[in-house]
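Structure data (PDB, C-alpha atoms) from query.pdb:
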```pdb
ATOM      1  CA  MET A   1      35.241  52.899  57.669
ATOM      2  CA  ASP A   2      36.525  55.928  55.764
ATOM      3  CA  LEU A   3      39.940  57.109  56.867
ATOM      4  CA  PRO A   4      40.465  60.839  57.422
ATOM      5  CA  ALA A   5      42.149  62.645  54.566
ATOM      6  CA  ARG A   6      45.878  63.078  54.889
ATOM      7  CA  PRO A   7      46.655  66.700  55.777
ATOM      8  CA  ALA A   8      48.215  68.679  52.966
ATOM      9  CA  ASP A   9      51.934  69.364  53.223
ATOM     10  CA  PRO A  10      52.213  73.180  53.366
ATOM     11  CA  LEU A  11      55.793  73.149  52.059
ATOM     12  CA  ALA A  12      54.885  70.985  49.072
ATOM     13  CA  ALA A  13      51.893  73.202  48.346
ATOM     14  CA  ALA A  14      54.007  76.355  48.489
ATOM     15  CA  ILE A  15      56.637  74.847  46.193
ATOM     16  CA  ALA A  16      53.943  73.725  43.754
ATOM     17  CA  ASP A  17      52.626  77.287  43.618
ATOM     18  CA  LEU A  18      56.125  78.628  42.953
ATOM     19  CA  ALA A  19      56.627  76.049  40.197
ATOM     20  CA  GLN A  20      53.410  77.134  38.499
ATOM     21  CA  THR A  21      54.414  80.793  38.792
ATOM     22  CA  LEU A  22      57.849  80.092  37.316
ATOM     23  CA  ALA A  23      56.391  78.111  34.422
ATOM     24  CA  ALA A  24      53.918  80.890  33.596
ATOM     25  CA  ALA A  25      56.663  83.538  33.723
ATOM     26  CA  LEU A  26      58.874  81.466  31.415
ATOM     27  CA  VAL A  27      56.090  81.113  28.859
ATOM     28  CA  ARG A  28      55.705  84.893  28.824
ATOM     29  CA  ARG A  29      59.424  85.105  28.029
ATOM     30  CA  ARG A  30      59.153  82.586  25.155
ATOM     31  CA  ALA A  31      60.685  79.753  27.146
ATOM     32  CA  SER A  32      59.037  76.592  28.492
ATOM     33  CA  ALA A  33      59.069  74.377  31.571
ATOM     34  CA  GLU A  34      57.763  71.117  32.961
ATOM     35  CA  THR A  35      57.864  69.350  36.320
ATOM     36  CA  VAL A  36      59.073  65.749  36.359
ATOM     37  CA  SER A  37      60.155  63.214  38.947
ATOM     38  CA  GLY A  38      63.806  62.351  39.372
ATOM     39  CA  ALA A  39      63.153  58.968  37.780
ATOM     40  CA  ASP A  40      61.728  60.615  34.648
ATOM     41  CA  ALA A  41      64.288  63.415  34.337
ATOM     42  CA  ALA A  42      66.674  61.635  31.961
ATOM     43  CA  ALA A  43      63.901  60.622  29.570
ATOM     44  CA  ALA A  44      62.497  64.164  29.611
ATOM     45  CA  ALA A  45      65.935  65.592  28.839
ATOM     46  CA  VAL A  46      66.433  63.197  25.927
ATOM     47  CA  ARG A  47      62.998  64.107  24.591
ATOM     48  CA  GLN A  48      63.670  67.852  24.723
ATOM     49  CA  VAL A  49      67.183  67.703  23.280
ATOM     50  CA  GLY A  50      65.849  65.489  20.495
ATOM     51  CA  ALA A  51      62.992  67.904  19.778
ATOM     52  CA  TRP A  52      65.523  70.694  19.337
ATOM     53  CA  GLY A  53      67.593  68.552  17.008
ATOM     54  CA  SER A  54      70.755  69.132  19.026
ATOM     55  CA  ALA A  55      73.534  66.790  17.978
ATOM     56  CA  ARG A  56      75.800  67.767  20.873
ATOM     57  CA  ALA A  57      75.126  68.420  24.558
ATOM     58  CA  LEU A  58      77.521  70.398  26.769
ATOM     59  CA  LEU A  59      76.742  69.433  30.366
ATOM     60  CA  ALA A  60      77.777  71.218  33.523
ATOM     61  CA  GLY A  61      80.055  69.121  35.719
ATOM     62  CA  ASP A  62      77.380  68.863  38.403
ATOM     63  CA  PRO A  63      76.884  65.568  40.287
ATOM     64  CA  LEU A  64      73.116  66.065  40.137
ATOM     65  CA  LEU A  65      73.160  65.357  36.400
ATOM     66  CA  ASP A  66      75.000  62.075  36.993
ATOM     67  CA  ALA A  67      72.609  61.106  39.788
ATOM     68  CA  LEU A  68      69.661  61.670  37.435
ATOM     69  CA  GLY A  69      71.342  59.667  34.658
ATOM     70  CA  LEU A  70      71.345  62.443  32.054
ATOM     71  CA  PRO A  71      74.832  61.924  30.553
ATOM     72  CA  ALA A  72      74.284  58.213  29.938
ATOM     73  CA  ALA A  73      70.750  58.683  28.612
ATOM     74  CA  LEU A  74      71.792  61.395  26.160
ATOM     75  CA  ALA A  75      74.732  59.331  24.945
ATOM     76  CA  GLU A  76      72.539  56.278  24.464
ATOM     77  CA  ALA A  77      70.134  58.395  22.423
ATOM     78  CA  GLY A  78      72.958  59.239  20.020
ATOM     79  CA  HIS A  79      73.891  62.727  21.216
ATOM     80  CA  GLU A  80      77.545  63.667  21.589
ATOM     81  CA  VAL A  81      78.056  64.442  25.281
ATOM     82  CA  LEU A  82      80.678  66.903  26.517
ATOM     83  CA  ARG A  83      81.249  67.784  30.159
ATOM     84  CA  TRP A  84      82.395  71.105  31.523
ATOM     85  CA  PRO A  85      85.254  71.906  31.842
ATOM     86  CA  ASP A  86      86.735  68.995  29.863
ATOM     87  CA  GLY A  87      84.644  69.834  26.793
ATOM     88  CA  ARG A  88      86.570  73.051  26.326
ATOM     89  CA  GLY A  89      89.448  70.943  25.043
ATOM     90  CA  LEU A  90      87.780  70.903  21.638
ATOM     91  CA  GLY A  91      88.148  74.666  21.429
ATOM     92  CA  TRP A  92      85.589  77.444  21.353
ATOM     93  CA  ARG A  93      84.929  77.079  17.628
ATOM     94  CA  ASP A  94      83.411  73.672  18.255
ATOM     95  CA  LEU A  95      81.354  74.805  21.226
ATOM     96  CA  LEU A  96      80.083  77.842  19.289
ATOM     97  CA  GLY A  97      78.968  75.622  16.425
ATOM     98  CA  LEU A  98      81.522  77.088  14.011
ATOM     99  CA  ASP A  99      83.156  73.654  13.744
ATOM    100  CA  GLY A 100      81.445  70.324  14.320
ATOM    101  CA  PRO A 101      77.684  70.086  14.998
ATOM    102  CA  ALA A 102      75.927  73.429  14.588
ATOM    103  CA  ALA A 103      73.235  72.686  17.141
ATOM    104  CA  THR A 104      74.673  72.418  20.656
ATOM    105  CA  CYS A 105      72.516  72.187  23.774
ATOM    106  CA  GLY A 106      73.929  73.570  27.017
ATOM    107  CA  VAL A 107      72.699  71.776  30.138
ATOM    108  CA  THR A 108      72.948  73.824  33.321
ATOM    109  CA  VAL A 109      72.005  73.319  36.975
ATOM    110  CA  PRO A 110      70.833  76.667  38.380
ATOM    111  CA  ALA A 111      71.797  77.508  41.940
ATOM    112  CA  LEU A 112      68.352  79.065  42.436
ATOM    113  CA  ALA A 113      65.408  80.331  40.402
ATOM    114  CA  VAL A 114      63.078  83.299  40.844
ATOM    115  CA  ALA A 115      59.461  82.318  40.324
ATOM    116  CA  GLU A 116      57.934  85.773  39.860
ATOM    117  CA  ARG A 117      60.374  86.720  37.095
ATOM    118  CA  GLY A 118      61.031  83.387  35.403
ATOM    119  CA  THR A 119      64.712  83.934  36.116
ATOM    120  CA  LEU A 120      67.460  81.360  36.623
ATOM    121  CA  VAL A 121      70.397  82.157  38.901
ATOM    122  CA  LEU A 122      73.496  80.543  37.374
ATOM    123  CA  ALA A 123      76.492  80.609  39.706
ATOM    124  CA  THR A 124      79.940  80.119  38.217
ATOM    125  CA  GLY A 125      82.033  77.344  39.759
ATOM    126  CA  PRO A 126      84.680  74.754  38.832
ATOM    127  CA  GLY A 127      82.086  72.515  37.191
ATOM    128  CA  HIS A 128      79.777  75.218  35.963
ATOM    129  CA  GLY A 129      81.308  77.678  33.524
ATOM    130  CA  ARG A 130      79.674  81.034  33.002
ATOM    131  CA  SER A 131      79.405  80.472  29.251
ATOM    132  CA  ILE A 132      77.625  77.103  29.042
ATOM    133  CA  ASP A 133      74.281  78.645  28.166
ATOM    134  CA  VAL A 134      75.837  81.446  26.104
ATOM    135  CA  VAL A 135      77.795  79.347  23.603
ATOM    136  CA  SER A 136      74.914  76.915  23.064
ATOM    137  CA  MET A 137      72.071  77.252  20.576
ATOM    138  CA  HIS A 138      69.674  75.670  23.068
ATOM    139  CA  HIS A 139      69.593  75.833  26.864
ATOM    140  CA  LEU A 140      68.213  73.043  29.048
ATOM    141  CA  ALA A 141      68.178  73.888  32.761
ATOM    142  CA  VAL A 142      67.763  71.125  35.352
ATOM    143  CA  LEU A 143      66.270  72.719  38.447
ATOM    144  CA  PRO A 144      65.293  70.927  41.683
ATOM    145  CA  VAL A 145      62.069  72.568  42.858
ATOM    146  CA  SER A 146      63.585  73.002  46.335
ATOM    147  CA  ARG A 147      65.722  75.767  44.770
ATOM    148  CA  LEU A 148      62.732  77.909  43.826
ATOM    149  CA  ARG A 149      62.462  81.293  45.508
ATOM    150  CA  ALA A 150      59.625  83.774  45.307
ATOM    151  CA  THR A 151      61.542  87.013  44.644
ATOM    152  CA  LEU A 152      64.816  88.186  43.181
ATOM    153  CA  GLY A 153      65.756  89.842  46.462
ATOM    154  CA  GLU A 154      65.358  86.560  48.310
ATOM    155  CA  ALA A 155      67.454  84.690  45.757
ATOM    156  CA  LEU A 156      70.283  87.235  45.688
ATOM    157  CA  ALA A 157      70.394  87.511  49.476
ATOM    158  CA  GLU A 158      70.839  83.742  49.698
ATOM    159  CA  THR A 159      73.424  83.693  46.907
ATOM    160  CA  TYR A 160      75.669  86.215  48.660
ATOM    161  CA  ALA A 161      74.944  85.248  52.259
ATOM    162  CA  SER A 162      77.936  82.929  52.653
ATOM    163  CA  GLY A 163      80.521  85.696  52.429
ATOM    164  CA  ALA A 164      82.293  83.771  49.658
ATOM    165  CA  PRO A 165      80.109  84.436  46.619
ATOM    166  CA  PRO A 166      80.694  82.873  43.190
ATOM    167  CA  SER A 167      83.111  84.634  40.861
ATOM    168  CA  ALA A 168      80.184  85.417  38.580
ATOM    169  CA  VAL A 169      76.399  85.149  38.734
ATOM    170  CA  SER A 170      74.218  85.205  35.629
ATOM    171  CA  LEU A 171      70.518  85.986  35.729
ATOM    172  CA  VAL A 172      68.902  84.247  32.774
ATOM    173  CA  SER A 173      65.288  85.001  31.929
ATOM    174  CA  GLY A 174      64.356  83.055  28.820
ATOM    175  CA  PRO A 175      66.123  82.893  25.457
ATOM    176  CA  SER A 176      68.650  85.558  24.539
ATOM    177  CA  ARG A 177      66.875  88.545  23.012
ATOM    178  CA  THR A 178      67.913  91.906  21.652
ATOM    179  CA  SER A 179      66.230  94.655  19.647
ATOM    180  CA  ASP A 180      67.520  97.183  17.142
ATOM    181  CA  ILE A 181      66.642 100.869  17.022
ATOM    182  CA  GLU A 182      63.374 100.006  15.258
ATOM    183  CA  LYS A 183      62.458  97.676  18.138
ATOM    184  CA  ILE A 184      62.626  94.548  15.998
ATOM    185  CA  SER A 185      63.398  91.671  18.383
ATOM    186  CA  THR A 186      65.912  88.985  17.516
ATOM    187  CA  LEU A 187      66.196  85.772  19.525
ATOM    188  CA  GLY A 188      69.522  84.031  20.102
ATOM    189  CA  ALA A 189      71.726  87.034  19.317
ATOM    190  CA  HIS A 190      73.901  86.759  22.441
ATOM    191  CA  GLY A 191      73.035  83.332  23.786
ATOM    192  CA  ALA A 192      70.602  80.477  23.462
ATOM    193  CA  LEU A 193      67.833  80.615  20.873
ATOM    194  CA  ALA A 194      65.504  78.526  23.037
ATOM    195  CA  MET A 195      65.283  77.554  26.721
ATOM    196  CA  HIS A 196      63.464  74.784  28.569
ATOM    197  CA  VAL A 197      63.502  74.209  32.329
ATOM    198  CA  LEU A 198      63.133  70.729  33.774
ATOM    199  CA  MET A 199      61.869  71.211  37.313
ATOM    200  CA  ILE A 200      62.759  68.119  39.336
ATOM    201  CA  ASP A 201      60.308  67.239  42.080
ATOM    202  CA  ASP A 202      62.646  66.689  45.040
ATOM    203  CA  ILE A 203      60.282  67.659  47.855
TER     204      ILE A 203
END
```
What does the file become when written as structure tokens?
Amino acid sequence: MDLPARPADPLAAAIADLAQTLAAALVRRRASAETVSGADAAAAAVRQVGAWGSARALLAGDPLLDALGLPAALAEAGHEVLRWPDGRGLGWRDLLGLDGPAATCGVTVPALAVAERGTLVLATGPGHGRSIDVVSMHHLAVLPVSRLRATLGEALAETYASGAPPSAVSLVSGPSRTSDIEKISTLGAHGALAMHVLMIDDI
């Protein structure tokens, strides 16, 4: 006897739609994204950091990264791993690539993300410095899909709803880009040259 089909989970379906919207928006902004399970997150991170050729990874001091096994996996793959804020002990010249490895990858954990814009909401905190993505040549964001929001208004309202907002909030939409008076675009002028978002399926 055929069993009736399991009803679709409306929350999972809505999140999947937001993930697809975010990925499409990021591609338009010359960034990239993929959705992986928690078990595959570390391997995906190693693969991306290796593809960029980053010798050093500066990781936010977020427990999610430890739970996913990223620091250990990157170290085992031969990448130098620094954690925020302890990594600042080397000095800004190292983190900027002026001394030591030129190619540094900043690994952030966005507080939220805006699907329609392809925008990451990076909230400054003790373990998450405001400059992790700025001083790095490459930016890898580790984003649980439960943190996806449809609009910027929704994301900002949630960010400031507690009454004790972060000291700084950065809205990052793809690689750093600027243009001169002749409208010639340059990537990586004031931040990362490339950005990839690992969306972690936690629903």
**Request:** List the residues selected by the PyMOL selection byres ((chain A and resi 34-49) around 8) in the file shown, writing them as a list in words.
**Result:** Ala19, Ala23, Ser32, Ala33, Gly50, Ala51, Trp52, Gly53, Ser54, Leu68, Gly69, Leu70, Ala73, Leu74, Ala77, Cys105, Leu140, His196, Val197, Leu198, Met199, Ile200, Asp201 and Asp202 of chain A
**Counting only C-alpha atoms, the option among A:Pro10, A:Gly125, A:Gly118, A:Gly106 closest to Pro165 in chain A** =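 Counting only C-alpha atoms, the residue closest to Pro165 in chain A is A:Gly125.
The smallest atom-to-atom distance between Arg117 in chain A and any of A:Ser162, A:Leu59, A:Ala75, A:Thr151, using only C-alpha atoms, is found for A:Thr151.
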**Asked** What is the distance, in Å and to one decimal place, between CA of Leu120 in chain A and CA of Pro85 in chain A?
**Response**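 Going from CA of Leu120 in chain A over to CA of Pro85 in chain A covers 20.7 Å.
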**Prompt:** Distance CA of Ala150 in chain A-CA of Leu65 in chain A, one decimal place?
**Reply:**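 Taking CA of Ala150 in chain A and CA of Leu65 in chain A, their separation equals 24.5 Å.
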**Request:** Write out as a PyMOL selection string the residues lying within 7 Å of Val134 in chain A, counting only C-alpha atoms and excluding same-chain residues fewer than 2 positions away.
**Result:** chain A and resi 131-132+136+190-192
**Request:** Work out how far CA of Arg28 in chain A is from CA of Gly61 in chain A, in Å to one decimal.
**Result:** 29.8 Å
